[in-house]
$ cat my_file_19.cif   # mmCIF, C-alpha atoms
data_query
loop_
_atom_site.label_atom_id
_atom_site.label_comp_id
_atom_site.auth_asym_id
_atom_site.auth_seq_id
_atom_site.Cartn_x
_atom_site.Cartn_y
_atom_site.Cartn_z
CA MET A 1 24.32 38.42 -9.80
CA GLU A 2 26.61 41.22 -10.86
CA THR A 3 29.06 42.70 -8.40
CA THR A 4 29.90 46.29 -7.67
CA ASP A 5 33.30 47.66 -8.67
CA THR A 6 34.41 49.21 -5.40
CA THR A 7 37.08 51.27 -7.10
CA GLN A 8 34.41 53.57 -8.48
CA GLY A 9 31.56 55.49 -6.90
CA GLY A 10 30.10 55.02 -3.46
CA PRO A 11 28.59 52.14 -1.52
CA PRO A 12 25.53 50.38 -2.85
CA GLU A 13 22.04 51.47 -2.06
CA ALA A 14 19.50 48.99 -0.66
CA GLY A 15 18.72 46.33 -3.23
CA SER A 16 21.76 47.10 -5.39
CA PRO A 17 24.37 44.46 -6.38
CA LEU A 18 26.72 43.07 -3.77
CA MET A 19 30.15 44.59 -3.22
CA ASP A 20 33.15 42.33 -3.72
CA TYR A 21 35.28 41.83 -0.62
CA PRO A 22 38.14 42.51 0.03
CA PHE A 23 37.91 46.09 -1.18
CA HIS A 24 40.36 47.79 -3.52
CA ARG A 25 43.47 49.47 -2.08
CA PRO A 26 44.82 52.28 -4.30
CA SER A 27 48.38 52.06 -2.96
CA ALA A 28 50.65 50.55 -0.33
CA VAL A 29 49.93 53.42 2.08
CA GLU A 30 46.13 53.69 1.86
CA VAL A 31 43.24 51.71 3.25
CA PRO A 32 40.34 51.13 0.84
CA PRO A 33 38.72 54.57 0.41
CA VAL A 34 35.27 52.97 0.26
CA TYR A 35 35.38 52.54 4.05
CA GLU A 36 34.89 56.27 4.56
CA GLU A 37 31.74 56.17 2.44
CA LEU A 38 30.47 53.02 4.13
CA ARG A 39 30.87 54.51 7.62
CA ALA A 40 28.84 57.53 6.51
CA LYS A 41 26.11 55.88 4.43
CA CYS A 42 26.13 52.09 4.77
CA PRO A 43 27.79 51.03 8.05
CA VAL A 44 26.80 47.39 7.59
CA ALA A 45 27.70 46.49 4.00
CA HIS A 46 26.36 43.39 2.23
CA VAL A 47 29.27 41.76 0.41
CA ARG A 48 30.36 38.77 -1.60
CA LEU A 49 33.30 37.02 0.08
CA PRO A 50 36.25 35.37 -1.76
CA SER A 51 34.55 31.98 -1.20
CA GLY A 52 31.52 33.17 -3.19
CA ASP A 53 29.37 33.19 -0.04
CA GLU A 54 27.58 36.34 1.05
CA GLY A 55 28.31 38.18 4.27
CA TYR A 56 28.38 41.53 6.04
CA VAL A 57 31.20 43.99 6.75
CA VAL A 58 30.75 46.25 9.79
CA THR A 59 32.70 49.50 9.54
CA ARG A 60 32.01 51.94 12.43
CA TYR A 61 34.17 51.89 15.56
CA ASP A 62 31.46 51.19 18.14
CA ASP A 63 29.80 48.57 15.96
CA VAL A 64 33.13 46.85 15.30
CA ARG A 65 33.79 46.60 19.04
CA THR A 66 30.35 45.06 19.47
CA VAL A 67 31.04 42.39 16.85
CA LEU A 68 34.43 41.63 18.40
CA ALA A 69 33.08 41.21 21.94
CA ASP A 70 29.45 40.06 21.68
CA ALA A 71 28.96 36.30 22.13
CA ARG A 72 26.17 36.35 19.52
CA PHE A 73 28.93 36.69 16.91
CA SER A 74 30.54 33.24 17.09
CA ARG A 75 33.89 31.99 15.94
CA ALA A 76 33.09 28.34 16.71
CA ALA A 77 30.11 28.41 14.34
CA THR A 78 32.47 29.00 11.39
CA ILE A 79 33.41 25.31 11.36
CA ALA A 80 29.82 24.07 10.96
CA PRO A 81 29.45 22.15 7.65
CA ASP A 82 26.86 24.55 6.24
CA ALA A 83 28.41 27.79 7.56
CA PRO A 84 29.29 30.54 5.07
CA GLN A 85 33.05 30.83 4.63
CA LEU A 86 35.57 33.59 4.01
CA THR A 87 37.63 31.46 1.60
CA ALA A 88 37.13 28.23 -0.30
CA THR A 89 39.18 26.42 2.35
CA PRO A 90 37.35 25.85 5.65
CA PRO A 91 39.07 27.12 8.82
CA VAL A 92 41.05 24.82 11.11
CA PRO A 93 38.83 23.54 13.95
CA GLY A 94 39.98 23.48 17.57
CA SER A 95 42.17 26.59 17.42
CA LEU A 96 42.08 29.86 19.33
CA PHE A 97 40.51 31.37 16.20
CA THR A 98 37.69 28.84 15.84
CA THR A 99 36.44 28.30 19.40
CA ASP A 100 34.15 30.16 21.79
CA ALA A 101 33.99 30.02 25.58
CA PRO A 102 34.42 27.76 27.47
CA GLU A 103 36.74 25.89 25.04
CA HIS A 104 38.45 29.10 23.98
CA THR A 105 38.92 30.16 27.61
CA ARG A 106 40.56 26.82 28.43
CA LEU A 107 42.93 26.93 25.46
CA ARG A 108 43.82 30.59 25.92
CA ARG A 109 44.66 30.06 29.58
CA LEU A 110 47.31 27.50 28.59
CA VAL A 111 49.34 30.05 26.62
CA SER A 112 48.43 33.40 28.19
CA ARG A 113 51.00 32.96 30.97
CA THR A 114 53.72 32.99 28.30
CA PHE A 115 52.67 36.44 27.11
CA THR A 116 52.19 38.27 30.41
CA ALA A 117 53.71 41.74 30.75
CA ARG A 118 56.25 40.34 33.23
CA ARG A 119 57.30 37.49 30.97
CA VAL A 120 57.64 39.81 27.98
CA GLN A 121 59.70 42.23 30.08
CA GLU A 122 62.07 39.36 30.85
CA MET A 123 62.35 38.65 27.10
CA ARG A 124 63.29 42.20 26.14
CA PRO A 125 67.10 41.82 26.58
CA ARG A 126 67.06 38.80 24.25
CA ILE A 127 64.90 40.63 21.68
CA GLN A 128 67.34 43.55 21.87
CA GLU A 129 70.28 41.18 21.37
CA LEU A 130 68.68 39.62 18.30
CA THR A 131 67.82 43.07 16.90
CA ASP A 132 71.37 44.34 17.41
CA GLY A 133 72.78 41.31 15.62
CA LEU A 134 70.57 41.88 12.60
CA LEU A 135 71.40 45.60 12.54
CA ASP A 136 75.12 44.77 12.70
CA GLU A 137 74.76 42.70 9.53
CA MET A 138 72.64 45.37 7.91
CA GLU A 139 75.24 48.04 8.67
CA LYS A 140 78.04 45.98 7.10
CA SER A 141 76.24 46.02 3.75
CA GLN A 142 76.40 49.85 3.65
CA GLY A 143 73.01 49.88 1.93
CA PRO A 144 70.68 50.10 0.25
CA VAL A 145 68.96 47.02 1.64
CA ASP A 146 65.49 45.55 1.77
CA LEU A 147 64.48 46.12 5.38
CA ASN A 148 62.04 43.22 5.12
CA THR A 149 64.86 40.78 4.40
CA ALA A 150 67.36 42.38 6.76
CA LEU A 151 65.13 42.91 9.81
CA ALA A 152 61.33 42.86 9.57
CA PHE A 153 61.09 39.18 8.64
CA PRO A 154 63.93 37.49 10.55
CA LEU A 155 63.42 39.18 13.92
CA PRO A 156 59.81 38.11 14.68
CA VAL A 157 60.59 34.66 13.32
CA MET A 158 63.64 34.34 15.60
CA VAL A 159 61.60 35.48 18.59
CA ILE A 160 58.64 33.17 18.01
CA CYS A 161 60.92 30.23 17.19
CA GLU A 162 62.80 30.65 20.48
CA LEU A 163 59.56 31.10 22.39
CA LEU A 164 57.93 28.00 20.92
CA GLY A 165 61.04 25.89 20.60
CA VAL A 166 60.93 25.56 16.80
CA PRO A 167 64.29 25.27 14.97
CA PHE A 168 65.03 28.61 13.26
CA GLU A 169 66.76 26.81 10.39
CA ASP A 170 63.33 25.57 9.27
CA ARG A 171 62.04 29.15 8.87
CA ASP A 172 61.76 29.03 5.07
CA ARG A 173 59.56 25.95 5.27
CA PHE A 174 57.07 27.36 7.75
CA ARG A 175 57.09 30.72 6.02
CA GLU A 176 55.56 28.97 3.04
CA TRP A 177 53.16 27.03 5.25
CA SER A 178 52.20 30.16 7.16
CA ASP A 179 51.37 32.07 3.98
CA ALA A 180 48.89 29.33 3.10
CA PHE A 181 47.22 29.66 6.51
CA VAL A 182 46.48 33.36 5.92
CA SER A 183 45.65 33.14 2.23
CA LEU A 184 42.45 34.66 0.87
CA THR A 185 42.94 34.10 -2.85
CA ALA A 186 46.72 33.69 -3.25
CA HIS A 187 46.51 29.88 -2.96
CA SER A 188 44.10 27.32 -4.34
CA GLN A 189 42.09 25.17 -1.94
CA GLU A 190 44.32 22.20 -2.79
CA GLU A 191 47.51 24.18 -2.12
CA THR A 192 46.19 25.54 1.17
CA LEU A 193 45.12 22.13 2.46
CA ALA A 194 48.42 20.54 1.41
CA GLN A 195 50.50 23.24 3.11
CA ARG A 196 48.40 22.99 6.27
CA GLN A 197 48.87 19.24 6.45
CA GLN A 198 52.62 19.57 5.95
CA MET A 199 52.87 22.10 8.76
CA LEU A 200 50.73 20.07 11.16
CA GLY A 201 52.76 16.96 10.31
CA TYR A 202 56.01 18.80 10.97
CA LEU A 203 54.76 20.04 14.35
CA ALA A 204 53.48 16.57 15.27
CA GLU A 205 57.02 15.24 14.76
CA LEU A 206 58.43 18.14 16.78
CA VAL A 207 56.02 17.38 19.63
CA LYS A 208 57.12 13.73 19.53
CA ARG A 209 60.78 14.79 19.88
CA LYS A 210 60.00 17.11 22.77
CA ARG A 211 58.13 14.34 24.50
CA GLU A 212 61.26 12.18 24.28
CA GLU A 213 63.58 15.05 25.26
CA PRO A 214 61.62 17.64 27.32
CA THR A 215 62.44 21.31 26.68
CA ASP A 216 61.85 24.58 28.51
CA ASP A 217 59.80 26.34 25.84
CA LEU A 218 56.14 26.82 24.98
CA ILE A 219 55.71 23.61 23.02
CA GLY A 220 57.44 21.78 25.85
CA ALA A 221 55.00 23.36 28.29
CA LEU A 222 52.04 22.37 26.11
CA VAL A 223 53.34 18.80 25.92
CA ALA A 224 53.49 18.74 29.72
CA ALA A 225 49.98 20.21 29.92
CA HIS A 226 48.78 17.34 27.72
CA ASP A 227 50.74 14.50 29.29
CA GLU A 228 50.57 15.50 32.95
CA GLU A 229 47.41 17.55 33.29
CA GLY A 230 45.22 16.42 30.42
CA SER A 231 44.44 20.11 29.78
CA LEU A 232 44.31 19.65 26.01
CA ASN A 233 44.32 16.76 23.59
CA GLU A 234 47.05 15.91 21.08
CA TYR A 235 45.27 17.56 18.15
CA GLU A 236 44.68 20.78 20.15
CA LEU A 237 48.35 20.80 21.16
CA ILE A 238 49.56 20.66 17.55
CA VAL A 239 46.99 23.20 16.31
CA MET A 240 47.92 25.55 19.17
CA ALA A 241 51.58 25.41 18.15
CA ALA A 242 50.64 26.11 14.53
CA THR A 243 48.36 28.99 15.51
CA ILE A 244 51.02 30.75 17.58
CA LEU A 245 53.72 30.15 15.00
CA VAL A 246 51.60 31.71 12.25
CA ALA A 247 50.05 34.54 14.27
CA GLY A 248 53.28 35.25 16.12
CA HIS A 249 55.27 36.23 13.07
CA GLU A 250 52.94 37.00 10.12
CA THR A 251 51.40 40.03 11.79
CA THR A 252 54.58 41.42 13.36
CA VAL A 253 56.60 41.03 10.15
CA SER A 254 53.99 43.10 8.32
CA MET A 255 53.67 45.66 11.09
CA ILE A 256 57.41 46.38 11.40
CA GLY A 257 57.73 47.24 7.72
CA LYS A 258 54.59 49.37 7.57
CA CYS A 259 55.41 51.28 10.77
CA VAL A 260 58.94 52.06 9.59
CA LEU A 261 57.57 53.21 6.22
CA THR A 262 55.11 55.55 7.97
CA LEU A 263 57.95 57.13 9.96
CA LEU A 264 60.16 57.51 6.87
CA ARG A 265 57.28 59.27 5.10
CA HIS A 266 57.06 61.77 8.01
CA PRO A 267 60.61 63.00 8.64
CA GLU A 268 59.35 65.78 10.94
CA HIS A 269 57.83 63.20 13.31
CA LEU A 270 60.89 60.99 12.96
CA ALA A 271 63.12 63.89 14.05
CA ALA A 272 60.83 64.63 16.99
CA LEU A 273 61.03 61.01 18.18
CA ARG A 274 64.82 61.11 18.02
CA GLU A 275 64.75 64.29 20.09
CA HIS A 276 62.16 62.94 22.55
CA PRO A 277 62.48 59.14 22.75
CA GLU A 278 60.05 59.11 25.67
CA MET A 279 57.30 59.76 23.09
CA LEU A 280 57.98 56.49 21.29
CA ASP A 281 55.60 54.18 23.18
CA HIS A 282 52.61 56.42 22.47
CA ALA A 283 53.73 56.96 18.87
CA ILE A 284 53.68 53.18 18.39
CA GLU A 285 50.01 53.11 19.42
CA GLU A 286 49.31 55.64 16.67
CA LEU A 287 51.39 53.59 14.22
CA LEU A 288 49.31 50.53 15.12
CA ARG A 289 46.14 52.56 14.54
CA VAL A 290 47.02 53.85 11.08
CA ASN A 291 48.67 50.65 9.81
CA PRO A 292 46.12 47.83 9.72
CA ILE A 293 47.50 44.36 9.11
CA GLY A 294 44.33 43.37 7.29
CA ASP A 295 40.83 44.50 6.39
CA GLY A 296 39.00 42.40 8.95
CA GLY A 297 38.58 39.02 10.43
CA PRO A 298 38.65 36.36 11.43
CA LEU A 299 35.12 35.62 10.31
CA ARG A 300 32.25 35.32 12.78
CA ILE A 301 28.78 33.80 12.40
CA THR A 302 25.63 35.24 13.98
CA LEU A 303 23.93 32.81 16.38
CA GLU A 304 20.64 34.75 16.17
CA ASP A 305 19.22 37.76 14.36
CA VAL A 306 21.28 40.77 15.52
CA GLU A 307 20.56 44.44 14.89
CA ILE A 308 23.69 46.51 14.48
CA GLY A 309 24.20 49.90 12.89
CA GLY A 310 20.49 50.04 12.06
CA THR A 311 20.67 46.79 10.08
CA VAL A 312 19.27 43.41 11.14
CA ILE A 313 21.84 40.73 10.33
CA PRO A 314 20.05 37.37 10.04
CA LYS A 315 20.98 34.32 12.10
CA GLY A 316 23.67 32.21 10.43
CA SER A 317 25.26 35.14 8.58
CA ALA A 318 28.98 35.68 8.04
CA VAL A 319 30.20 38.93 9.60
CA LEU A 320 33.57 40.69 9.37
CA ALA A 321 34.56 43.47 11.77
CA ALA A 322 36.56 45.96 9.68
CA VAL A 323 39.24 46.92 12.19
CA CYS A 324 41.06 49.11 9.67
CA SER A 325 37.86 51.12 9.15
CA ALA A 326 37.13 51.36 12.89
CA ASN A 327 40.62 52.71 13.52
CA GLN A 328 39.95 55.59 11.14
CA ASP A 329 36.47 56.47 12.37
CA PRO A 330 36.45 60.26 12.93
CA GLU A 331 33.80 59.85 15.62
CA ARG A 332 36.38 58.04 17.77
CA PHE A 333 39.61 59.64 16.54
CA PRO A 334 38.96 63.40 16.28
CA GLY A 335 41.50 66.11 15.54
CA ALA A 336 43.79 65.67 12.56
CA GLN A 337 42.40 63.65 9.65
CA PRO A 338 41.88 60.13 11.03
CA ASP A 339 43.87 58.58 8.17
CA GLU A 340 46.90 60.77 8.98
CA PHE A 341 49.73 59.78 11.30
CA ASP A 342 49.79 62.07 14.34
CA PRO A 343 52.03 60.71 17.13
CA ALA A 344 50.51 63.21 19.59
CA ARG A 345 46.94 61.97 18.99
CA ALA A 346 45.63 61.32 22.51
CA ALA A 347 42.91 58.92 21.34
CA ALA A 348 45.41 56.60 19.62
CA VAL A 349 45.42 54.23 22.61
CA HIS A 350 41.80 53.34 21.88
CA HIS A 351 42.65 51.58 18.61
CA VAL A 352 41.42 48.03 18.04
CA ALA A 353 44.46 46.81 16.12
CA PHE A 354 44.78 43.89 18.55
CA GLY A 355 41.04 43.23 18.59
CA HIS A 356 38.71 43.54 21.56
CA GLY A 357 36.88 41.25 23.94
CA PRO A 358 37.68 37.58 24.63
CA HIS A 359 39.70 37.18 21.42
CA PHE A 360 41.96 40.19 22.11
CA CYS A 361 45.39 39.26 20.75
CA VAL A 362 47.16 37.11 23.33
CA GLY A 363 50.55 38.26 21.99
CA ALA A 364 49.84 42.02 22.02
CA SER A 365 52.44 42.75 24.71
CA LEU A 366 55.11 40.84 22.77
CA ALA A 367 54.26 42.64 19.52
CA ARG A 368 54.50 46.02 21.27
CA ALA A 369 57.87 45.10 22.76
CA GLU A 370 59.24 44.07 19.37
CA LEU A 371 58.04 47.29 17.73
CA GLN A 372 59.45 49.45 20.54
CA ILE A 373 62.84 47.74 20.39
CA VAL A 374 63.07 47.66 16.59
CA ILE A 375 62.08 51.29 16.02
CA SER A 376 64.16 52.74 18.87
CA SER A 377 67.18 50.72 17.71
CA LEU A 378 66.79 51.84 14.10
CA LEU A 379 66.55 55.49 15.18
CA LYS A 380 69.77 55.22 17.16
CA ARG A 381 71.78 53.13 14.71
CA PHE A 382 70.76 54.86 11.49
CA PRO A 383 69.99 58.54 12.21
CA ASP A 384 69.71 59.32 8.49
CA LEU A 385 67.69 56.27 7.47
CA ARG A 386 65.59 57.01 4.38
CA LEU A 387 63.62 55.31 1.63
CA ALA A 388 65.82 54.18 -1.24
CA GLU A 389 62.97 54.40 -3.78
CA ASP A 390 59.84 56.46 -4.30
CA VAL A 391 56.95 55.37 -2.14
CA GLU A 392 54.83 54.97 -5.28
CA SER A 393 56.98 51.98 -6.30
CA LEU A 394 56.15 50.04 -3.14
CA GLU A 395 53.49 47.34 -3.16
CA LEU A 396 51.55 45.32 -0.62
CA THR A 397 51.24 41.56 -0.81
CA THR A 398 47.87 40.60 -2.29
CA GLY A 399 45.41 37.78 -1.82
CA MET A 400 46.23 37.46 1.88
CA MET A 401 44.44 38.18 5.16
CA VAL A 402 47.59 39.99 6.32
CA HIS A 403 48.80 42.92 4.21
CA GLY A 404 52.58 43.40 4.30
CA LEU A 405 54.95 45.31 2.10
CA SER A 406 56.45 43.03 -0.52
CA ARG A 407 59.75 44.92 0.02
CA LEU A 408 61.02 48.04 1.76
CA PRO A 409 64.27 49.37 0.26
CA VAL A 410 66.14 51.73 2.60
CA ALA A 411 69.46 53.57 2.61
CA TRP A 412 71.42 55.72 5.06
#
$ encode --input "my_file_19.cif" --output "structure tokens"
Amino acid sequence: METTDTTQGGPPEAGSPLMDYPFHRPSAVEVPPVYEELRAKCPVAHVRLPSGDEGYVVTRYDDVRTVLADARFSRAATIAPDAPQLTATPPVPGSLFTTDAPEHTRLRRLVSRTFTARRVQEMRPRIQELTDGLLDEMEKSQGPVDLNTALAFPLPVMVICELLGVPFEDRDRFREWSDAFVSLTAHSQEETLAQRQQMLGYLAELVKRKREEPTDDLIGALVAAHDEEGSLNEYELIVMAATILVAGHETTVSMIGKCVLTLLRHPEHLAALREHPEMLDHAIEELLRVNPIGDGGPLRITLEDVEIGGTVIPKGSAVLAAVCSANQDPERFPGAQPDEFDPARAAAVHHVAFGHGPHFCVGASLARAELQIVISSLLKRFPDLRLAEDVESLELTTGMMVHGLSRLPVAW
């Protein structure tokens, strides 16, 4: 069957060829424009996924929230042998991303205490210390620098390494492994499986060391939960560590760069935030809304026929909730154009950047803290921070579930 070129024209009519997913992005600062047309005319789009399987992409805000929260859309069903897949490489079973209640509830409870608002508040001085150290080094260079290299990548990695108890000096190794975990088309199936096995093997050895020499970190706590409480098995322990290591830095690395770029493209809002720093927390919610880290996912499978957006999605179908489309739905985000950054937008707090329902991002409070500290520190340290190149020269990484800037050159 032929596929539709989503860079031209509108969404397909009933019975027309499938659309290829993921959709085309015209630049580093735009979401796929086809989402606007899909919300208006075809809110549940029939697509061909990178694996070659067929599936559905849901695009309107209310429908996206339904997919994210309704138990009829299952994550656990994605690991069934005959389930349609997002990529050629099947997902990792037994993780927070591939379980439903009650297994998901049990696993999530083991780590949620680490990410409570109180615990994150206690971490803020250390995050600030790490940020200041990186900015000190950045300042010495006198610019221009790649903000990704100087700040956006090392900070979240330092934070998640300390939290988990993973040696920071191994960061280059698990950066490569992590990229394979979130690959859509950037890696072959063989490469992805090999990188996964290397990462899980590395973490298995780390768990063994922590069992011999107990530590006061998250992996140490998970080891104790396994050995003393029997709350999870050895495989679940290792997969949990891998899940948090990947999710804890891939998304935040991407978000820091994209949020800073948005501010640099809007100097009038940047000046207002310097003048009124109390506006920053709300502005970050708007930055999260307009800067999606991906098009959608993880994948879900329908456990029965489900009607949504006027379309009946058959049992056993692959479904993606397009968070980036939901966050620009004018029905939910009125006022200024929904694709425009408006730090005063009252509805910004209703974004679904961290998901919704039982799989709401367990590390949302930590991600917010990192963004608040990074952006406020940049504003103070570099009052004349600016892009060192035209925005048209910037590019997003491709073939990945997480879209980050490949580089972000800045000067001051």
$ closest_atom_pairs --input "my_file_19.cif" --of "segment 86-175 of chain A" --to "segment 66-78 of chain A" --cutoff "12 Å" --atoms "all atoms listed in the file" --output "tab-separated table"
residue	atom	partner	partner_atom	distance
A:Leu86	CA	A:Thr78	CA	9.2
A:Thr87	CA	A:Thr78	CA	11.3
A:Thr89	CA	A:Thr78	CA	11.5
A:Pro90	CA	A:Thr78	CA	8.2
A:Pro91	CA	A:Thr78	CA	7.3
A:Val92	CA	A:Thr78	CA	9.5
A:Pro93	CA	A:Ala76	CA	8.0
A:Gly94	CA	A:Ala76	CA	8.5
A:Ser95	CA	A:Ala76	CA	9.3
A:Leu96	CA	A:Arg75	CA	9.1
A:Phe97	CA	A:Arg75	CA	6.7
A:Thr98	CA	A:Ala76	CA	4.7
A:Thr99	CA	A:Ala76	CA	4.3
A:Asp100	CA	A:Ala76	CA	5.5
A:Ala101	CA	A:Ala71	CA	8.8
A:Pro102	CA	A:Ala76	CA	10.9
A:Glu103	CA	A:Ala76	CA	9.4
A:His104	CA	A:Ala76	CA	9.1
$ closest_residue --input "my_file_19.cif" --among "A:Leu408, A:Ile308, A:Val31, A:Met401" --to "Asp179 of chain A" --atoms "all atoms listed in the file"
A:Met401
$ resolve_selection --input "my_file_19.cif" --expression "the PyMOL selection byres ((chain A and resi 195) around 12)" --output "number ranges by chain"
A: 89, 173-183, 187-194, 196-202, 242
$ resolve_selection --input "my_file_19.cif" --expression "the PyMOL selection byres ((chain A and resi 120) around 12)" --output "PyMOL selection string"
chain A and resi 112-119+121-127+159+163+362-370
$ write_last_selection --input "my_file_19.cif" --atoms "C-alpha atoms" --output "compact mmCIF listing (two decimals), in the coordinates of the input"
# COMPACT_ATOMS: atom_id res chain seq x y z
CA SER A 112 48.43 33.40 28.19
CA ARG A 113 51.00 32.96 30.97
CA THR A 114 53.72 32.99 28.30
CA PHE A 115 52.67 36.44 27.11
CA THR A 116 52.19 38.27 30.41
CA ALA A 117 53.71 41.74 30.75
CA ARG A 118 56.25 40.34 33.23
CA ARG A 119 57.30 37.49 30.97
CA GLN A 121 59.70 42.23 30.08
CA GLU A 122 62.07 39.36 30.85
CA MET A 123 62.35 38.65 27.10
CA ARG A 124 63.29 42.20 26.14
CA PRO A 125 67.10 41.82 26.58
CA ARG A 126 67.06 38.80 24.25
CA ILE A 127 64.90 40.63 21.68
CA VAL A 159 61.60 35.48 18.59
CA LEU A 163 59.56 31.10 22.39
CA VAL A 362 47.16 37.11 23.33
CA GLY A 363 50.55 38.26 21.99
CA ALA A 364 49.84 42.02 22.02
CA SER A 365 52.44 42.75 24.71
CA LEU A 366 55.11 40.84 22.77
CA ALA A 367 54.26 42.64 19.52
CA ARG A 368 54.50 46.02 21.27
CA ALA A 369 57.87 45.10 22.76
CA GLU A 370 59.24 44.07 19.37
$ resolve_selection --input "my_file_19.cif" --expression "the PyMOL selection byres ((chain A and resi 243-260) around 7)" --output "list in words"
Ser95, Asn148, Ala152, Phe153, Pro156, Val157, Ile160, Ser178, Val239, Met240, Ala241, Ala242, Leu261, Thr262, Leu263, Leu264, Leu287, Asn291, Ile293, Ala367, Leu371, Val402, His403, Gly404, Leu405 and Leu408 of chain A
$ axis_aligned_box --input "my_file_19.cif" --around "segment 236-247 of chain A" --padding-each-side "3 Å" --output "JSON"
{"center_x": 49.2, "center_y": 27.6, "center_z": 16.7, "size_x": 15.0, "size_y": 19.9, "size_z": 14.9}
$ atom_distance --input "my_file_19.cif" --atom1 "atom CA of Asp172 of chain A" --atom2 "atom CA of Lys210 of chain A"
21.4 Å
$ closest_residue --input "my_file_19.cif" --among "A:Arg211, A:Arg300, A:Ala83, A:Asp217" --to "Ala322 of chain A" --atoms "only C-alpha atoms"
A:Arg300
$ atom_distance --input "my_file_19.cif" --atom1 "atom CA of Asp384 of chain A" --atom2 "atom CA of Pro292 of chain A"
26.3 Å
$ residues_around --input "my_file_19.cif" --residues "segment 339-342 of chain A" --least-positions-apart "6" --cutoff "9 Å" --atoms "all atoms listed in the file" --output "list in words"
Glu30, Val31, Thr262, Leu263, His266, His269, Ala283, Glu286, Leu287, Arg289, Val290, Asn327, Gln328, Asp329, Pro330 and Ala348 of chain A
$ closest_residue --input "my_file_19.cif" --among "A:Leu206, A:Val410, A:Val319, A:Val374" --to "Glu129 of chain A" --atoms "only C-alpha atoms"
A:Val374
$ residues_around --input "my_file_19.cif" --residues "segment 55-57 of chain A" --least-positions-apart "2" --cutoff "9 Å" --atoms "only C-alpha atoms" --output "ChimeraX atom specification"
/A:21,43-49,53,59,84-86,296,313,317-322
$ closest_residue --input "my_file_19.cif" --among "A:Pro343, A:Gly133, A:Pro277, A:Pro358" --to "Thr105 of chain A" --atoms "all atoms listed in the file"
A:Pro358
$ atom_distance --input "my_file_19.cif" --atom1 "atom CA of Asp305 of chain A" --atom2 "atom CA of Phe23 of chain A"
25.7 Å
$ residues_around --input "my_file_19.cif" --residues "Ser393 of chain A" --least-positions-apart "4" --cutoff "12 Å" --atoms "all atoms listed in the file" --output "PyMOL selection string"
chain A and resi 27-29+387-389+405-409
$ write_last_selection --input "my_file_19.cif" --atoms "C-alpha atoms" --output "CSV table (one decimal), in the coordinates of the input"
chain,number,residue,atom,x,y,z
A,27,SER,CA,48.4,52.1,-3.0
A,28,ALA,CA,50.6,50.6,-0.3
A,29,VAL,CA,49.9,53.4,2.1
A,387,LEU,CA,63.6,55.3,1.6
A,388,ALA,CA,65.8,54.2,-1.2
A,389,GLU,CA,63.0,54.4,-3.8
A,405,LEU,CA,55.0,45.3,2.1
A,406,SER,CA,56.4,43.0,-0.5
A,407,ARG,CA,59.8,44.9,0.0
A,408,LEU,CA,61.0,48.0,1.8
A,409,PRO,CA,64.3,49.4,0.3
$ closest_residue --input "my_file_19.cif" --among "A:Met158, A:Ala88, A:Ala344, A:Val145" --to "Ala272 of chain A" --atoms "only C-alpha atoms"
A:Ala344
